[in-house]
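**Q** Input structure: protein_17.csv, which contains CSV, C-alpha atoms.
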```
chain,number,residue,atom,x,y,z
A,1,MET,CA,21.8,-13.2,-24.3
A,2,ILE,CA,22.2,-16.9,-23.7
A,3,ALA,CA,25.3,-16.5,-21.6
A,4,ASN,CA,23.4,-14.7,-18.8
A,5,LEU,CA,21.1,-17.6,-18.1
A,6,ASP,CA,21.1,-19.1,-14.6
A,7,TRP,CA,19.8,-22.7,-15.3
A,8,THR,CA,18.7,-23.0,-11.6
A,9,GLU,CA,16.6,-19.8,-11.4
A,10,PRO,CA,12.8,-20.2,-11.5
A,11,ALA,CA,11.2,-19.7,-14.9
A,12,GLU,CA,7.9,-19.1,-16.7
A,13,LEU,CA,6.8,-20.5,-20.0
A,14,TYR,CA,4.2,-18.7,-22.1
A,15,ALA,CA,2.8,-20.6,-25.1
A,16,GLN,CA,0.2,-19.4,-27.6
A,17,SER,CA,-1.0,-20.5,-31.0
A,18,GLY,CA,-0.5,-17.3,-33.0
A,19,ALA,CA,0.5,-14.2,-31.1
A,20,PHE,CA,1.1,-13.9,-27.4
A,21,HIS,CA,-2.4,-12.6,-26.5
A,22,GLY,CA,-5.9,-13.9,-26.6
A,23,ARG,CA,-7.8,-16.8,-25.1
A,24,ASN,CA,-5.5,-19.6,-26.2
A,25,ALA,CA,-2.5,-18.5,-24.1
A,26,ARG,CA,-1.0,-21.1,-21.8
A,27,TYR,CA,1.2,-20.4,-18.8
A,28,PHE,CA,3.5,-22.7,-16.9
A,29,ARG,CA,5.8,-22.1,-13.9
A,30,PHE,CA,8.9,-24.1,-13.3
A,31,SER,CA,11.4,-24.3,-10.4
A,32,SER,CA,14.3,-23.9,-12.9
A,33,ALA,CA,15.0,-22.5,-16.3
A,34,ALA,CA,16.4,-25.8,-17.4
A,35,GLU,CA,13.1,-27.6,-16.6
A,36,ALA,CA,11.1,-24.9,-18.5
A,37,ILE,CA,13.3,-25.3,-21.5
A,38,ARG,CA,13.1,-29.1,-21.4
A,39,PHE,CA,9.3,-29.0,-21.2
A,40,ALA,CA,9.1,-26.5,-24.1
A,41,ILE,CA,11.2,-28.8,-26.3
A,42,GLU,CA,10.2,-32.3,-25.2
A,43,ASP,CA,6.6,-31.9,-24.2
A,44,MET,CA,5.1,-29.2,-26.3
A,45,PRO,CA,4.4,-29.6,-30.1
A,46,ALA,CA,7.4,-28.6,-32.2
A,47,ALA,CA,5.2,-26.3,-34.3
A,48,ALA,CA,4.4,-24.3,-31.2
A,49,LEU,CA,8.0,-23.3,-30.5
A,50,ARG,CA,7.8,-20.2,-32.6
A,51,SER,CA,5.1,-18.8,-30.3
A,52,MET,CA,6.7,-19.7,-27.0
A,53,ALA,CA,8.7,-17.6,-24.6
A,54,VAL,CA,10.6,-18.6,-21.5
A,55,GLU,CA,11.3,-15.9,-18.9
A,56,SER,CA,13.8,-16.3,-16.2
A,57,GLY,CA,15.1,-13.4,-14.1
A,58,ASP,CA,15.5,-10.4,-16.4
A,59,ASN,CA,15.9,-12.6,-19.5
A,60,ARG,CA,13.4,-13.6,-22.1
A,61,TYR,CA,14.0,-16.3,-24.7
A,62,GLU,CA,11.7,-16.9,-27.7
A,63,GLY,CA,11.3,-19.6,-30.4
A,64,ASN,CA,14.7,-20.7,-31.8
A,65,GLU,CA,16.5,-19.2,-28.8
A,66,ILE,CA,14.8,-21.8,-26.6
A,67,ARG,CA,16.0,-24.6,-29.0
A,68,ALA,CA,19.5,-23.2,-28.9
A,69,LEU,CA,19.4,-23.3,-25.0
A,70,TYR,CA,18.3,-26.9,-25.1
A,71,ASP,CA,21.1,-27.8,-27.5
A,72,ALA,CA,23.7,-25.8,-25.6
A,73,GLN,CA,26.7,-27.8,-24.3
A,74,ASP,CA,26.2,-26.6,-20.8
A,75,TYR,CA,22.5,-27.6,-20.7
A,76,PRO,CA,22.4,-29.3,-17.3
A,77,LEU,CA,19.6,-31.9,-17.7
A,78,GLU,CA,19.5,-35.1,-19.5
A,79,ARG,CA,17.9,-34.8,-22.9
A,80,ALA,CA,15.3,-37.1,-24.3
A,81,LYS,CA,16.6,-39.8,-26.6
A,82,ARG,CA,15.8,-39.0,-30.3
```
For the structure just supplied, provide its representation as structure tokens.

**A**
Amino acid sequence: MIANLDWTEPAELYAQSGAFHGRNARYFRFSSAAEAIRFAIEDMPAAALRSMAVESGDNRYEGNEIRALYDAQDYPLERAKR
């Protein structure tokens, strides 16, 4: 659930073209969930969002949940200009 996210807690981002297994998986570690979410939205290809997951603490967010977190009113970082 989005309400349980601590924006400052360390997070991991898993990205894969297709399913979350195989050789093409990419792994990134961030000092905060907010940074992981910003990277997923601003630096990764938009088409890859559906095959991404951000894990922070006991929480896992996938695909459109990551987009919803980035768009949330309480998102603590400055967003890229669109």

**Q** Residues within 12 Å of Val54 of chain A, please, as a PDB file with C-alpha atoms, in the coordinates of the input. Count all atoms listed in the file; anything in the same chain fewer than 3 positions from it doesn't count.

**A**
```pdb
ATOM      1  CA  ILE A   2      22.200 -16.900 -23.700  1.00  0.00           C
ATOM      2  CA  LEU A   5      21.100 -17.600 -18.100  1.00  0.00           C
ATOM      3  CA  TRP A   7      19.800 -22.700 -15.300  1.00  0.00           C
ATOM      4  CA  GLU A   9      16.600 -19.800 -11.400  1.00  0.00           C
ATOM      5  CA  PRO A  10      12.800 -20.200 -11.500  1.00  0.00           C
ATOM      6  CA  ALA A  11      11.200 -19.700 -14.900  1.00  0.00           C
ATOM      7  CA  GLU A  12       7.900 -19.100 -16.700  1.00  0.00           C
ATOM      8  CA  LEU A  13       6.800 -20.500 -20.000  1.00  0.00           C
ATOM      9  CA  TYR A  14       4.200 -18.700 -22.100  1.00  0.00           C
ATOM     10  CA  ALA A  15       2.800 -20.600 -25.100  1.00  0.00           C
ATOM     11  CA  ARG A  26      -1.000 -21.100 -21.800  1.00  0.00           C
ATOM     12  CA  TYR A  27       1.200 -20.400 -18.800  1.00  0.00           C
ATOM     13  CA  PHE A  28       3.500 -22.700 -16.900  1.00  0.00           C
ATOM     14  CA  ARG A  29       5.800 -22.100 -13.900  1.00  0.00           C
ATOM     15  CA  PHE A  30       8.900 -24.100 -13.300  1.00  0.00           C
ATOM     16  CA  SER A  32      14.300 -23.900 -12.900  1.00  0.00           C
ATOM     17  CA  ALA A  33      15.000 -22.500 -16.300  1.00  0.00           C
ATOM     18  CA  ALA A  34      16.400 -25.800 -17.400  1.00  0.00           C
ATOM     19  CA  GLU A  35      13.100 -27.600 -16.600  1.00  0.00           C
ATOM     20  CA  ALA A  36      11.100 -24.900 -18.500  1.00  0.00           C
ATOM     21  CA  ILE A  37      13.300 -25.300 -21.500  1.00  0.00           C
ATOM     22  CA  ARG A  38      13.100 -29.100 -21.400  1.00  0.00           C
ATOM     23  CA  PHE A  39       9.300 -29.000 -21.200  1.00  0.00           C
ATOM     24  CA  ALA A  40       9.100 -26.500 -24.100  1.00  0.00           C
ATOM     25  CA  ILE A  41      11.200 -28.800 -26.300  1.00  0.00           C
ATOM     26  CA  LEU A  49       8.000 -23.300 -30.500  1.00  0.00           C
ATOM     27  CA  ARG A  50       7.800 -20.200 -32.600  1.00  0.00           C
ATOM     28  CA  SER A  51       5.100 -18.800 -30.300  1.00  0.00           C
ATOM     29  CA  GLY A  57      15.100 -13.400 -14.100  1.00  0.00           C
ATOM     30  CA  ASP A  58      15.500 -10.400 -16.400  1.00  0.00           C
ATOM     31  CA  ASN A  59      15.900 -12.600 -19.500  1.00  0.00           C
ATOM     32  CA  ARG A  60      13.400 -13.600 -22.100  1.00  0.00           C
ATOM     33  CA  TYR A  61      14.000 -16.300 -24.700  1.00  0.00           C
ATOM     34  CA  GLU A  62      11.700 -16.900 -27.700  1.00  0.00           C
ATOM     35  CA  GLY A  63      11.300 -19.600 -30.400  1.00  0.00           C
ATOM     36  CA  ASN A  64      14.700 -20.700 -31.800  1.00  0.00           C
ATOM     37  CA  GLU A  65      16.500 -19.200 -28.800  1.00  0.00           C
ATOM     38  CA  ILE A  66      14.800 -21.800 -26.600  1.00  0.00           C
ATOM     39  CA  ARG A  67      16.000 -24.600 -29.000  1.00  0.00           C
ATOM     40  CA  LEU A  69      19.400 -23.300 -25.000  1.00  0.00           C
ATOM     41  CA  TYR A  70      18.300 -26.900 -25.100  1.00  0.00           C
TER      42      TYR A  70
END
```

**Q** Atom CA of Glu42 of chain A to atom CA of Ala80 of chain A: how many Å, to one decimal?

**A**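 Between atom CA of Glu42 of chain A and atom CA of Ala80 of chain A the gap works out to 7.1 Å.
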
**Q** Nearest to Ala25 of chain A: which of A:Ala46, A:Met52, A:Asp74, A:Asn4 is it, counting all atoms listed in the file?

**A**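 Counting all atoms listed in the file, the residue closest to Ala25 of chain A is A:Met52.
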
**Q** In Å, with one decimal, what is the gap from atom CA of Leu77 of chain A to atom CA of Asp43 of chain A?

**A**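 Separation between atom CA of Leu77 of chain A and atom CA of Asp43 of chain A: 14.5 Å.
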
**Q** For atom CA of Gln16 of chain A and atom CA of Ala53 of chain A, quote the distance in Å rounded to one decimal.

**A** 9.2 Å

**Q** Counting all atoms listed in the file, which residue out of A:Lys81, A:Gln73, A:Ser31, A:Met44 sits closest to Thr8 of chain A?

**A**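 Answer, going by the shortest atom-to-atom distance: A:Ser31.
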
**Q** Could you extract segment 65-77 of chain A of the given structure into a file holding all heavy atoms, as an mmCIF file, in the first residue's frame?

**A**
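part-v6.cif, written as the output of this step:
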```cif
data_model
loop_
_atom_site.group_PDB
_atom_site.id
_atom_site.type_symbol
_atom_site.label_atom_id
_atom_site.label_comp_id
_atom_site.auth_asym_id
_atom_site.auth_seq_id
_atom_site.Cartn_x
_atom_site.Cartn_y
_atom_site.Cartn_z
ATOM 1 N N GLU A 65 2.110 1.457 -10.125
ATOM 2 C CA GLU A 65 2.232 1.888 -8.727
ATOM 3 C C GLU A 65 3.421 2.835 -8.579
ATOM 4 O O GLU A 65 3.362 3.793 -7.809
ATOM 5 C CB GLU A 65 2.419 0.693 -7.797
ATOM 6 C CG GLU A 65 1.218 -0.214 -7.693
ATOM 7 C CD GLU A 65 1.511 -1.464 -6.880
ATOM 8 O OE1 GLU A 65 2.552 -2.110 -7.124
ATOM 9 O OE2 GLU A 65 0.690 -1.769 -6.000
ATOM 10 N N ILE A 66 4.496 2.568 -9.321
ATOM 11 C CA ILE A 66 5.675 3.444 -9.293
ATOM 12 C C ILE A 66 5.296 4.824 -9.838
ATOM 13 O O ILE A 66 5.652 5.847 -9.253
ATOM 14 C CB ILE A 66 6.844 2.828 -10.085
ATOM 15 C CG1 ILE A 66 7.269 1.504 -9.445
ATOM 16 C CG2 ILE A 66 8.009 3.799 -10.191
ATOM 17 C CD1 ILE A 66 8.233 0.678 -10.282
ATOM 18 N N ARG A 67 4.555 4.847 -10.928
ATOM 19 C CA ARG A 67 4.096 6.116 -11.511
ATOM 20 C C ARG A 67 3.211 6.868 -10.509
ATOM 21 O O ARG A 67 3.339 8.077 -10.331
ATOM 22 C CB ARG A 67 3.334 5.841 -12.806
ATOM 23 C CG ARG A 67 2.522 6.998 -13.362
ATOM 24 C CD ARG A 67 3.273 8.283 -13.531
ATOM 25 N NE ARG A 67 4.148 8.274 -14.658
ATOM 26 C CZ ARG A 67 4.936 9.294 -14.973
ATOM 27 N NH1 ARG A 67 4.942 10.396 -14.250
ATOM 28 N NH2 ARG A 67 5.741 9.226 -15.995
ATOM 29 N N ALA A 68 2.318 6.157 -9.827
ATOM 30 C CA ALA A 68 1.431 6.788 -8.848
ATOM 31 C C ALA A 68 2.231 7.394 -7.695
ATOM 32 O O ALA A 68 1.893 8.477 -7.199
ATOM 33 C CB ALA A 68 0.417 5.781 -8.322
ATOM 34 N N LEU A 69 3.293 6.723 -7.267
ATOM 35 C CA LEU A 69 4.139 7.258 -6.204
ATOM 36 C C LEU A 69 4.831 8.540 -6.657
ATOM 37 O O LEU A 69 4.915 9.521 -5.918
ATOM 38 C CB LEU A 69 5.172 6.219 -5.767
ATOM 39 C CG LEU A 69 4.626 5.041 -4.982
ATOM 40 C CD1 LEU A 69 5.661 3.940 -4.887
ATOM 41 C CD2 LEU A 69 4.195 5.486 -3.588
ATOM 42 N N TYR A 70 5.339 8.541 -7.881
ATOM 43 C CA TYR A 70 6.013 9.721 -8.426
ATOM 44 C C TYR A 70 5.040 10.898 -8.534
ATOM 45 O O TYR A 70 5.406 12.043 -8.291
ATOM 46 C CB TYR A 70 6.591 9.385 -9.800
ATOM 47 C CG TYR A 70 7.357 10.501 -10.457
ATOM 48 C CD1 TYR A 70 8.670 10.784 -10.087
ATOM 49 C CD2 TYR A 70 6.790 11.255 -11.473
ATOM 50 C CE1 TYR A 70 9.389 11.802 -10.703
ATOM 51 C CE2 TYR A 70 7.491 12.279 -12.098
ATOM 52 C CZ TYR A 70 8.786 12.541 -11.711
ATOM 53 O OH TYR A 70 9.495 13.549 -12.325
ATOM 54 N N ASP A 71 3.791 10.614 -8.865
ATOM 55 C CA ASP A 71 2.777 11.654 -9.037
ATOM 56 C C ASP A 71 2.094 12.060 -7.730
ATOM 57 O O ASP A 71 1.323 13.012 -7.710
ATOM 58 C CB ASP A 71 1.710 11.188 -10.031
ATOM 59 C CG ASP A 71 2.256 11.072 -11.451
ATOM 60 O OD1 ASP A 71 3.276 11.725 -11.759
ATOM 61 O OD2 ASP A 71 1.661 10.327 -12.251
ATOM 62 N N ALA A 72 2.376 11.340 -6.647
ATOM 63 C CA ALA A 72 1.725 11.608 -5.359
ATOM 64 C C ALA A 72 2.044 13.016 -4.854
ATOM 65 O O ALA A 72 3.144 13.531 -5.058
ATOM 66 C CB ALA A 72 2.165 10.576 -4.324
ATOM 67 N N GLN A 73 1.076 13.616 -4.175
ATOM 68 C CA GLN A 73 1.265 14.967 -3.636
ATOM 69 C C GLN A 73 2.421 15.049 -2.654
ATOM 70 O O GLN A 73 3.092 16.072 -2.572
ATOM 71 C CB GLN A 73 -0.005 15.438 -2.942
ATOM 72 C CG GLN A 73 -1.040 15.973 -3.883
ATOM 73 C CD GLN A 73 -2.174 16.622 -3.133
ATOM 74 O OE1 GLN A 73 -2.575 16.144 -2.070
ATOM 75 N NE2 GLN A 73 -2.694 17.707 -3.669
ATOM 76 N N ASP A 74 2.647 13.989 -1.899
ATOM 77 C CA ASP A 74 3.697 14.034 -0.883
ATOM 78 C C ASP A 74 5.063 13.557 -1.382
ATOM 79 O O ASP A 74 5.994 13.427 -0.601
ATOM 80 C CB ASP A 74 3.278 13.261 0.379
ATOM 81 C CG ASP A 74 3.079 11.780 0.124
ATOM 82 O OD1 ASP A 74 2.881 11.376 -1.031
ATOM 83 O OD2 ASP A 74 3.105 11.022 1.109
ATOM 84 N N TYR A 75 5.202 13.349 -2.701
ATOM 85 C CA TYR A 75 6.513 12.964 -3.248
ATOM 86 C C TYR A 75 7.505 14.069 -2.894
ATOM 87 O O TYR A 75 7.272 15.236 -3.203
ATOM 88 C CB TYR A 75 6.420 12.758 -4.763
ATOM 89 C CG TYR A 75 7.723 12.380 -5.373
ATOM 90 C CD1 TYR A 75 8.247 11.100 -5.211
ATOM 91 C CD2 TYR A 75 8.467 13.306 -6.087
ATOM 92 C CE1 TYR A 75 9.468 10.752 -5.761
ATOM 93 C CE2 TYR A 75 9.689 12.973 -6.642
ATOM 94 C CZ TYR A 75 10.187 11.692 -6.479
ATOM 95 O OH TYR A 75 11.402 11.349 -6.999
ATOM 96 N N PRO A 76 8.610 13.728 -2.226
ATOM 97 C CA PRO A 76 9.462 14.767 -1.621
ATOM 98 C C PRO A 76 10.505 15.427 -2.532
ATOM 99 O O PRO A 76 11.074 16.445 -2.158
ATOM 100 C CB PRO A 76 10.165 14.010 -0.493
ATOM 101 C CG PRO A 76 10.271 12.619 -1.013
ATOM 102 C CD PRO A 76 8.996 12.393 -1.789
ATOM 103 N N LEU A 77 10.773 14.882 -3.705
ATOM 104 C CA LEU A 77 11.817 15.435 -4.559
ATOM 105 C C LEU A 77 11.220 16.288 -5.679
ATOM 106 O O LEU A 77 10.060 16.108 -6.055
ATOM 107 C CB LEU A 77 12.665 14.315 -5.166
ATOM 108 C CG LEU A 77 13.349 13.372 -4.178
ATOM 109 C CD1 LEU A 77 14.132 12.304 -4.923
ATOM 110 C CD2 LEU A 77 14.260 14.147 -3.238
#
```
